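Quick look at coords_37.cif (mmCIF, C-alpha atoms):
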data_structure
loop_
_atom_site.label_atom_id
_atom_site.label_comp_id
_atom_site.auth_asym_id
_atom_site.auth_seq_id
_atom_site.Cartn_x
_atom_site.Cartn_y
_atom_site.Cartn_z
CA MET D 217 91.59 38.24 8.02
CA HIS D 218 95.13 38.55 6.68
CA LYS D 219 93.97 37.27 3.27
CA ILE D 220 91.29 39.97 3.14
CA LEU D 221 93.84 42.65 4.03
CA ILE D 222 96.20 41.41 1.32
CA GLY D 223 93.43 41.46 -1.29
CA ALA D 224 92.32 44.93 -0.21
CA SER D 225 95.88 46.24 -0.35
CA VAL D 226 96.42 44.88 -3.85
CA GLY D 227 93.19 46.57 -4.95
CA ALA D 228 94.26 49.90 -3.41
CA ILE D 229 97.67 49.77 -5.09
CA THR D 230 96.19 48.82 -8.46
CA ILE D 231 93.43 51.46 -8.57
CA GLY D 232 95.67 54.15 -7.09
CA GLY D 233 98.46 53.27 -9.53
CA ILE D 234 96.14 53.51 -12.54
CA ASN D 235 94.58 56.75 -11.30
CA HIS D 236 97.81 58.61 -10.54
CA PRO D 237 99.06 59.09 -14.14
CA ILE D 238 95.65 60.42 -15.16
CA ASN D 239 95.68 63.00 -12.37
CA VAL D 240 99.21 64.26 -12.99
CA MET D 241 98.90 64.50 -16.78
CA PRO D 242 98.13 68.26 -16.80
CA CYS D 243 101.28 68.88 -14.72
CA GLN D 244 103.73 67.63 -17.33
CA LEU D 245 104.06 70.91 -19.23
CA LEU D 246 105.20 72.89 -16.20
CA SER D 247 108.69 73.66 -15.00
CA PRO D 248 110.18 71.20 -12.47
CA GLY D 249 109.25 73.20 -9.36
CA ALA D 250 105.70 73.95 -10.48
CA LYS D 251 105.34 70.40 -11.79
CA GLN D 252 106.18 68.99 -8.37
CA MET D 253 103.64 71.25 -6.65
CA CYS D 254 101.00 70.28 -9.19
CA GLU D 255 101.63 66.58 -8.66
CA LEU D 256 101.43 66.98 -4.88
CA ALA D 257 98.06 68.67 -5.31
CA THR D 258 96.68 65.54 -7.03
CA ILE D 259 97.35 63.35 -3.99
CA PRO D 260 93.76 63.68 -2.58
CA ASP D 261 92.24 62.33 -5.81
CA THR D 262 94.71 59.45 -5.96
CA ALA D 263 94.16 58.68 -2.27
CA ALA D 264 90.38 58.63 -2.77
CA ALA D 265 90.77 56.18 -5.64
CA ALA D 266 93.08 53.96 -3.59
CA LYS D 267 90.61 53.99 -0.69
CA SER D 268 87.77 52.87 -2.96
CA GLY D 269 90.03 50.19 -4.44
CA PHE D 270 90.83 48.98 -0.91
CA VAL D 271 87.12 48.69 -0.01
CA PHE D 272 86.17 47.11 -3.32
CA ALA D 273 88.95 44.49 -3.41
CA GLY D 274 88.67 43.73 0.30
CA THR D 275 84.94 43.19 0.06
CA LEU D 276 85.23 40.93 -2.97
CA THR D 277 88.01 38.94 -1.25
CA ALA D 278 85.82 38.46 1.82
CA ILE D 279 82.85 37.39 -0.28
CA GLY D 280 85.03 34.98 -2.26
CA MET D 281 86.35 33.41 0.92
CA GLY D 282 82.83 33.16 2.31
CA LEU D 283 81.57 31.52 -0.88
CA PHE D 284 84.42 28.98 -0.76
CA ALA D 285 83.72 28.23 2.91
CA ILE D 286 80.00 27.73 2.27
CA LYS D 287 80.69 25.43 -0.65
CA LYS D 288 83.15 23.40 1.42
CA PHE D 289 80.71 23.24 4.35
CA ARG D 290 77.85 22.03 2.17
CA SER D 291 80.05 19.39 0.53
CA GLY D 292 81.48 18.24 3.87
CA GLY D 293 77.99 18.14 5.44
CA ASN D 294 76.77 15.50 2.98
CA HIS D 295 79.81 13.33 3.65
CA ASN D 296 79.22 13.61 7.40
CA LEU D 297 75.63 12.59 6.91
CA ILE D 298 76.65 9.45 5.04
CA GLY D 299 79.39 8.76 7.59
CA ASP D 300 76.95 9.06 10.49
CA ARG D 301 74.55 6.63 8.82
CA THR D 302 77.36 4.16 8.15
CA ALA D 303 78.30 4.27 11.81
CA SER D 304 74.66 3.64 12.72
CA TRP D 305 74.60 0.63 10.43
CA ASN D 306 77.71 -0.75 12.08
CA GLU D 307 76.23 -0.30 15.54
CA ASN D 308 72.96 -2.04 14.64
CA CYS D 309 74.15 -4.59 12.12
CA LEU D 310 73.26 -7.52 14.33
CA VAL D 311 70.11 -6.01 15.79
CA GLY D 312 66.67 -5.86 14.21
CA HIS D 313 65.25 -2.46 13.23
CA HIS D 314 61.58 -1.46 13.30
CA LYS D 315 61.76 -0.21 9.71
CA LEU D 316 63.23 -3.45 8.37
CA ASN D 317 61.24 -6.57 7.51
CA PRO D 318 62.34 -9.40 9.88
CA ASP D 319 60.84 -12.05 7.56
CA SER D 320 63.42 -11.17 4.93
CA PHE D 321 66.14 -12.53 7.17
CA GLY D 322 64.58 -16.03 7.48
CA SER D 323 66.70 -17.45 4.70
CA ALA D 324 69.99 -16.12 6.18
CA THR D 325 72.23 -19.01 7.19
CA ASN D 326 74.86 -17.04 9.06
CA VAL D 327 75.64 -13.68 10.59
CA GLY D 328 77.39 -12.47 7.40
CA GLU D 329 74.33 -12.99 5.25
CA LEU D 330 72.13 -11.37 7.87
CA TYR D 331 74.41 -8.28 7.89
CA ALA D 332 74.46 -8.09 4.08
CA GLN D 333 70.69 -8.28 3.73
CA GLN D 334 70.15 -5.67 6.41
CA LEU D 335 72.69 -3.37 4.74
CA MET D 336 71.04 -3.72 1.32
CA GLN D 337 67.65 -2.78 2.73
CA ARG D 338 69.10 0.32 4.38
CA LEU D 339 70.84 1.40 1.19
CA ALA D 340 67.55 1.01 -0.68
CA GLN D 341 65.86 3.57 1.59
CA PRO D 342 65.86 7.18 0.18
CA LEU D 343 68.10 9.76 1.85
CA PRO D 344 66.18 12.38 3.85
CA VAL D 345 65.86 15.70 2.01
CA LYS D 346 67.18 18.51 4.11
CA SER D 347 65.68 22.00 3.75
CA GLU D 348 68.47 24.34 2.66
CA PHE D 349 68.81 28.10 2.91
CA ARG D 350 69.37 29.66 -0.52
CA TRP D 351 72.84 31.08 0.02
CA ASN D 352 73.21 32.04 -3.64
CA TRP D 353 70.73 34.90 -3.34
CA LEU D 354 72.51 36.25 -0.27
CA ILE D 355 75.89 36.08 -2.04
CA TYR D 356 74.61 37.77 -5.22
CA GLY D 357 73.05 40.54 -3.15
CA ALA D 358 76.25 41.09 -1.15
CA VAL D 359 78.33 41.31 -4.33
CA GLY D 360 75.92 43.83 -5.83
CA ILE D 361 75.93 46.03 -2.73
CA ALA D 362 79.73 45.88 -2.42
CA SER D 363 80.18 46.81 -6.08
CA ALA D 364 77.79 49.75 -5.79
CA ILE D 365 79.62 51.08 -2.73
CA ALA D 366 83.05 50.68 -4.30
CA ILE D 367 82.25 52.46 -7.58
CA SER D 368 80.30 55.26 -5.91
CA ASN D 369 83.55 57.24 -5.85
CA PRO D 370 83.58 59.06 -9.25
CA THR D 371 87.37 58.99 -9.50
CA THR D 372 87.44 55.22 -9.12
CA LEU D 373 84.58 54.85 -11.58
CA GLN D 374 86.45 56.95 -14.13
CA THR D 375 89.62 54.88 -13.67
CA ILE D 376 87.84 51.53 -13.92
CA ALA D 377 85.93 52.71 -16.99
CA GLN D 378 89.21 53.28 -18.86
CA THR D 379 90.58 49.77 -18.40
CA PRO D 380 90.73 47.76 -21.67
CA ILE D 381 88.31 45.14 -20.35
CA VAL D 382 85.63 47.56 -19.12
CA LYS D 383 85.94 50.39 -21.67
CA PRO D 384 83.93 48.73 -24.51
CA THR D 385 81.03 48.07 -22.15
CA VAL D 386 81.13 51.63 -20.78
CA ASN D 387 81.15 53.06 -24.30
CA ALA D 388 78.14 50.95 -25.21
CA ILE D 389 76.27 52.12 -22.12
CA HIS D 390 77.16 55.75 -22.83
CA GLN D 391 75.43 55.46 -26.19
CA VAL D 392 72.20 55.43 -24.21
CA THR D 393 72.95 57.13 -20.90
CA TYR D 394 75.19 60.11 -21.74
CA ARG D 395 74.10 63.52 -20.46
CA THR D 396 72.82 66.18 -22.81
CA PRO D 397 75.35 69.04 -23.09
CA PRO D 398 74.27 72.29 -21.43
CA ALA D 399 73.06 75.22 -23.46
CA ILE D 400 76.02 76.97 -25.10
CA ALA D 401 75.16 80.19 -23.27
CA ASP D 402 75.60 78.41 -19.93
CA VAL D 403 78.96 76.69 -20.49
CA ALA D 404 80.83 79.36 -18.52
CA LYS D 405 78.03 80.51 -16.23
CA ASN D 406 79.86 79.89 -12.94
CA MET D 407 82.82 78.05 -11.38
CA ASP D 408 80.99 74.73 -11.61
CA SER D 409 80.30 75.14 -15.34
CA ILE D 410 81.81 72.66 -17.75
CA ALA D 411 84.01 75.24 -19.51
CA ALA D 412 85.58 76.33 -16.22
CA LEU D 413 86.31 72.73 -15.26
CA ALA D 414 87.64 71.77 -18.70
CA ILE D 415 89.92 74.78 -19.13
CA GLY D 416 90.92 74.76 -15.47
CA HIS D 417 92.00 71.12 -15.72
CA ALA D 418 93.81 71.73 -19.02
CA GLU D 419 95.72 74.55 -17.33
CA GLY D 420 96.63 72.34 -14.36
CA ASN D 421 94.78 74.63 -11.94
CA MET D 422 91.97 72.15 -11.17
CA THR D 423 91.60 68.38 -11.04
CA ALA D 424 89.12 66.58 -13.28
CA SER D 425 86.68 66.58 -10.35
CA GLY D 426 86.98 70.36 -9.91
CA GLN D 427 89.22 70.55 -6.85
CA TYR D 428 91.79 73.34 -6.76
CA THR D 429 95.46 72.54 -7.20
CA SER D 430 98.15 74.70 -5.62
CA LEU D 431 98.80 76.36 -9.02
CA ILE D 432 95.47 78.18 -8.99
CA HIS D 433 96.72 80.48 -6.21
CA GLY D 434 99.61 81.70 -8.33
CA HIS D 435 102.45 80.36 -10.48
CA ILE D 436 104.89 81.76 -13.02
CA ASP D 437 103.72 81.25 -16.59
CA PRO D 438 106.14 78.72 -18.15
CA SER D 439 105.91 80.28 -21.63
CA LEU D 440 107.99 83.33 -20.61
CA ILE D 441 106.80 85.29 -23.65
CA GLY D 442 109.09 88.26 -24.16
CA GLY D 443 111.25 87.02 -21.33
CA ARG D 444 108.65 88.16 -18.78
CA ARG D 445 108.01 86.25 -15.56
CA VAL D 446 104.23 86.61 -15.47
CA LEU D 447 102.20 85.50 -12.43
CA ASN D 448 99.19 83.38 -13.35
CA GLN D 449 96.18 83.22 -11.02
CA GLY D 450 92.68 81.76 -11.21
CA TRP D 451 91.31 78.71 -12.99
CA CYS D 452 92.13 80.08 -16.45
CA SER D 453 95.66 81.32 -15.57
CA ASN D 454 94.93 85.02 -16.02
CA TYR D 455 98.43 85.93 -17.28
CA GLY D 456 99.37 88.69 -14.88
CA ARG D 457 96.03 90.47 -14.75
CA GLY D 458 96.36 90.79 -10.98
CA GLY D 459 93.79 90.80 -8.18
CA THR D 460 92.90 88.25 -5.53
CA LEU D 461 92.10 84.65 -6.36
CA GLU D 462 88.38 85.41 -6.18
CA GLU D 463 88.82 88.37 -8.53
CA ALA D 464 90.98 86.30 -10.88
CA ASN D 465 88.34 83.54 -11.04
CA LYS D 466 85.61 86.08 -11.74
CA GLY D 467 87.73 87.69 -14.44
CA CYS D 468 88.30 84.29 -16.03
CA LEU D 469 84.54 83.70 -16.24
CA GLU D 470 83.89 87.11 -17.79
CA ARG D 471 86.71 86.73 -20.31
CA THR D 472 85.57 83.22 -21.34
CA GLN D 473 81.92 84.29 -21.60
CA SER D 474 82.92 87.10 -23.96
CA ARG D 475 84.06 84.57 -26.60
CA VAL D 476 81.40 81.87 -26.34
CA ASN D 477 78.91 83.28 -28.84
CA LEU D 478 81.56 84.23 -31.40
CA ILE D 479 83.10 80.76 -31.46
CA ALA D 480 79.66 79.13 -31.57
CA SER D 481 78.53 81.24 -34.54
CA ARG D 482 81.75 80.53 -36.47
CA MET D 483 81.36 76.81 -35.91
CA GLU D 484 77.78 77.05 -37.21
CA LYS D 485 79.07 78.91 -40.28
CA HIS D 486 81.47 76.07 -41.11
CA GLY D 487 78.91 73.31 -40.68
CA LEU D 488 79.76 72.27 -37.13
CA PRO D 489 76.91 73.18 -34.73
CA PRO D 490 78.50 73.45 -31.26
CA GLU D 491 75.69 71.50 -29.59
CA GLN D 492 76.46 68.52 -31.85
CA HIS D 493 80.25 68.98 -31.60
CA PHE D 494 80.44 69.94 -27.96
CA GLU D 495 83.89 68.52 -27.22
CA LEU D 496 85.34 70.33 -30.24
CA PHE D 497 83.65 73.54 -29.08
CA LEU D 498 85.29 73.31 -25.64
CA ASN D 499 88.67 72.68 -27.23
CA ILE D 500 88.38 75.78 -29.41
CA LEU D 501 87.28 77.76 -26.36
CA ASP D 502 90.38 76.44 -24.60
CA LEU D 503 92.50 77.66 -27.55
CA TRP D 504 91.03 81.12 -26.98
CA ASN D 505 92.18 80.96 -23.38
CA GLN D 506 95.62 79.54 -24.13
CA ALA D 507 96.89 81.20 -27.27
CA SER D 508 96.77 84.31 -29.42
CA PRO D 509 93.23 85.20 -30.62
CA ARG D 510 94.26 84.39 -34.18
CA VAL D 511 94.44 80.70 -33.24
CA SER D 512 90.88 80.34 -31.96
CA ASP D 513 89.61 82.67 -34.69
CA VAL D 514 90.77 80.34 -37.44
CA ALA D 515 90.04 77.07 -35.61
CA PRO D 516 86.35 76.74 -36.69
CA LYS D 517 87.35 76.98 -40.37
CA VAL D 518 90.22 74.53 -39.90
CA ALA D 519 87.85 72.09 -38.18
CA GLY D 520 85.22 72.51 -40.89
CA ASP D 521 87.74 71.75 -43.66
CA LEU D 522 89.09 68.71 -41.80
CA HIS D 523 85.56 67.45 -41.15
CA LYS D 524 84.80 67.60 -44.88
CA LYS D 525 87.91 65.47 -45.47
CA GLY D 526 86.49 62.78 -43.17
CA LEU D 527 88.24 63.41 -39.85
CA ARG D 528 86.13 62.67 -36.79
CA GLY D 529 86.39 62.40 -33.01
CA GLU D 530 89.76 62.74 -31.31
CA ASP D 531 91.64 62.95 -34.63
CA LEU D 532 89.53 65.91 -35.70
CA ILE D 533 90.03 67.70 -32.39
CA LEU D 534 93.80 67.18 -32.11
CA THR D 535 94.51 68.02 -35.77
CA THR D 536 92.35 71.15 -35.49
CA ARG D 537 94.24 72.28 -32.41
CA VAL D 538 97.64 71.79 -34.05
CA GLU D 539 96.83 73.20 -37.49
CA SER D 540 95.17 76.28 -36.01
CA PHE D 541 98.65 77.44 -34.94
CA ARG D 542 99.77 77.62 -38.58
CA ASP D 543 100.51 81.17 -39.72
CA GLU D 544 98.45 81.86 -42.86
CA THR D 545 101.09 84.29 -44.15
CA THR D 546 104.20 82.12 -43.81
CA GLY D 547 102.55 78.71 -43.79
CA GLN D 548 104.62 77.73 -40.75
CA LEU D 549 103.43 76.57 -37.35
CA SER D 550 103.87 79.48 -34.97
CA ALA D 551 103.56 79.36 -31.18
CA GLY D 552 106.15 81.54 -29.44
CA GLY D 553 105.20 80.66 -25.88
CA LEU D 554 105.11 76.91 -26.52
CA PHE D 555 108.42 77.06 -28.37
CA ASN D 556 109.99 78.70 -25.31
CA ILE D 557 108.75 75.81 -23.19
CA CYS D 558 110.01 73.15 -25.59
CA SER D 559 113.39 74.90 -25.87
CA ASN D 560 113.98 74.75 -22.12
CA PRO D 561 115.77 71.51 -21.11
CA ARG D 562 114.25 71.79 -17.63
CA ASN D 563 110.76 71.18 -19.05
CA GLN D 564 109.53 67.71 -19.94
CA ALA D 565 108.33 68.97 -23.32
CA HIS D 566 111.97 69.32 -24.34
CA ASP D 567 112.33 65.52 -24.37
CA PHE D 568 109.69 65.24 -27.10
CA VAL D 569 111.43 67.58 -29.56
CA LYS D 570 115.17 67.19 -28.92
CA SER D 571 115.55 64.56 -31.66
CA TYR D 572 114.58 67.13 -34.32
CA PRO D 573 116.64 70.09 -35.59
CA HIS D 574 115.85 73.06 -33.37
CA LYS D 575 112.91 75.14 -34.67
CA SER D 576 112.56 72.95 -37.78
CA GLU D 577 109.02 72.21 -38.98
CA GLN D 578 109.23 68.72 -37.44
CA TRP D 579 110.38 70.28 -34.17
CA ARG D 580 107.53 72.83 -34.24
CA PHE D 581 104.95 70.16 -35.02
CA ALA D 582 106.18 67.85 -32.25
CA CYS D 583 106.18 70.68 -29.71
CA ILE D 584 102.67 71.90 -30.49
CA ARG D 585 101.20 68.43 -30.87
CA TRP D 586 102.56 67.27 -27.52
CA ASP D 587 101.02 70.21 -25.70
CA GLN D 588 97.70 70.13 -27.55
CA ASN D 589 97.30 66.41 -27.01
CA ARG D 590 97.85 66.92 -23.29
CA ARG D 591 95.19 69.64 -23.12
CA ALA D 592 92.69 67.77 -25.30
CA THR D 593 93.08 64.68 -23.09
CA ALA D 594 92.46 66.76 -19.96
CA ILE D 595 89.26 68.20 -21.44
CA ARG D 596 88.08 64.73 -22.48
CA ASN D 597 88.66 63.42 -18.95
CA VAL D 598 86.47 66.18 -17.51
CA LEU D 599 83.72 65.42 -20.02
CA LYS D 600 83.88 61.74 -19.09
CA TYR D 601 83.88 62.57 -15.41
CA ARG D 602 80.73 64.68 -15.86
CA GLY D 603 79.09 62.13 -18.14
CA TYR D 604 78.79 64.29 -21.26
CA LEU D 605 80.56 61.96 -23.67
CA ARG D 606 78.77 59.23 -25.58
#
Please express what this file holds, its structure, as structure tokens.
Amino acid sequence: MHKILIGASVGAITIGGINHPINVMPCQLLSPGAKQMCELATIPDTAAAAKSGFVFAGTLTAIGMGLFAIKKFRSGGNHNLIGDRTASWNENCLVGHHKLNPDSFGSATNVGELYAQQLMQRLAQPLPVKSEFRWNWLIYGAVGIASAIAISNPTTLQTIAQTPIVKPTVNAIHQVTYRTPPAIADVAKNMDSIAALAIGHAEGNMTASGQYTSLIHGHIDPSLIGGRRVLNQGWCSNYGRGGTLEEANKGCLERTQSRVNLIASRMEKHGLPPEQHFELFLNILDLWNQASPRVSDVAPKVAGDLHKKGLRGEDLILTTRVESFRDETTGQLSAGGLFNICSNPRNQAHDFVKSYPHKSEQWRFACIRWDQNRRATAIRNVLKYRGYLR
């Protein structure tokens, strides 16, 4: 039993340890106090993953021990059978046996020869075939059931799918089994819609599975644009628009819905149908929520130009997000709120830019890229969790 508990514990620590950094990723942009609250809010997801890891590893350990015991028993059983027969031969070596031919002993001149001839005849007889239960089928079935139970937790499945060993297989399976994206008109239909989950997770207000974090109830916007301490509420961080949490969530849906068709039509115009570039579409919709309207307005054109140059996948998405912050008038990257965050030594983002001259182009690029990569990764995790990615 103690070996099973050790195996289960190792599994819980491993799966929980892998899962934790994924859950806390959206928290990294926040100020220390808000960051700590955000990380505490991810504990249920990490605990669920650890629990599944405990069950999975413990079950496999138990099955492994059972398989070893069965193998040892079967091997030991054959030796016992031979040992028992040898003992029987020793007991009857000087006595005739009804299955032996007494005439064959006529030529024996002494007890030694008689024993040898009797032994040779016994060895020549075939061993009895014992009917065996097919343990292999039972073991294979147990392993299959245990694996299905362990990976039934979506958080654990997502974590396991990202390991270097499993990821190629998962990607191959997704080529056939991925879900068809919802109609563009329905992406922000309600709180369970993919846009709400993607943007909510990018903002740090929801986990990848859609559970609320403590930030959704209210937190100070870390950008401090204009020096204002603005209270964010709702899944989209409504930037001081007030109301209860329910009202804030409803307002977030209405505001997001108001931009869906415009972004979709602009992507179509630049050769990127949103249904075929669904992840890119959600990222541009997230830009609308996060930044000045000028950023999301220009993003479809930026993406179209980059696509013509050969960029695809994650490179296309991240480069589009960064380059969309470039001011067309000055040619410089411009993001006042993000620059405030990166300038504050209390924020983790400051560590990614401090090696560059303050507000230089390298500094601006590093600041924006760090934040946009974090948000794009959060959106991708939601899409994987919901099964929309190939």
TODO: List, as an NGL selection string, every residue that the PyMOL selection byres ((chain D and resi 583) around 10) selects in the file provided.
DONE: :D and (538 or 551 or 554-559 or 565-570 or 575 or 577-582 or 584-588)
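In this structure, atom CA of Asn477 of chain D sits 24.7 Å away from atom CA of Asn421 of chain D.
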Evaluate the PyMOL selection byres ((chain D and resi 221) around 12) on the structure here and hand back the selected residues as a compact mmCIF listing (two decimals) with C-alpha atoms, in the coordinates of the input.
# COMPACT_ATOMS: atom_id res chain seq x y z
CA MET D 217 91.59 38.24 8.02
CA HIS D 218 95.13 38.55 6.68
CA LYS D 219 93.97 37.27 3.27
CA ILE D 220 91.29 39.97 3.14
CA ILE D 222 96.20 41.41 1.32
CA GLY D 223 93.43 41.46 -1.29
CA ALA D 224 92.32 44.93 -0.21
CA SER D 225 95.88 46.24 -0.35
CA VAL D 226 96.42 44.88 -3.85
CA GLY D 227 93.19 46.57 -4.95
CA ALA D 228 94.26 49.90 -3.41
CA GLY D 269 90.03 50.19 -4.44
CA PHE D 270 90.83 48.98 -0.91
CA VAL D 271 87.12 48.69 -0.01
CA PHE D 272 86.17 47.11 -3.32
CA ALA D 273 88.95 44.49 -3.41
CA GLY D 274 88.67 43.73 0.30
CA THR D 275 84.94 43.19 0.06
CA LEU D 276 85.23 40.93 -2.97
CA THR D 277 88.01 38.94 -1.25
CA ALA D 278 85.82 38.46 1.82
TODO: Kindly resolve the PyMOL selection byres ((chain D and resi 541-543) around 10) on the present coordinates and return the residues as a ChimeraX atom specification.
DONE: /D:503,507-508,510-512,514-515,536-540,544-551,581,584
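You will find atom CA of Pro490 of chain D at 24.8 Å from atom CA of Gly420 of chain D.
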Where's the centre, and what are the edge lengths in Å to one decimal, of a box along x, y and z enclosing all listed atoms of segment 395-398 of chain D padded 5 Å per side, as AutoDock Vina command-line options?
--center_x 74.1 --center_y 67.9 --center_z -21.8 --size_x 12.5 --size_y 18.8 --size_z 12.6
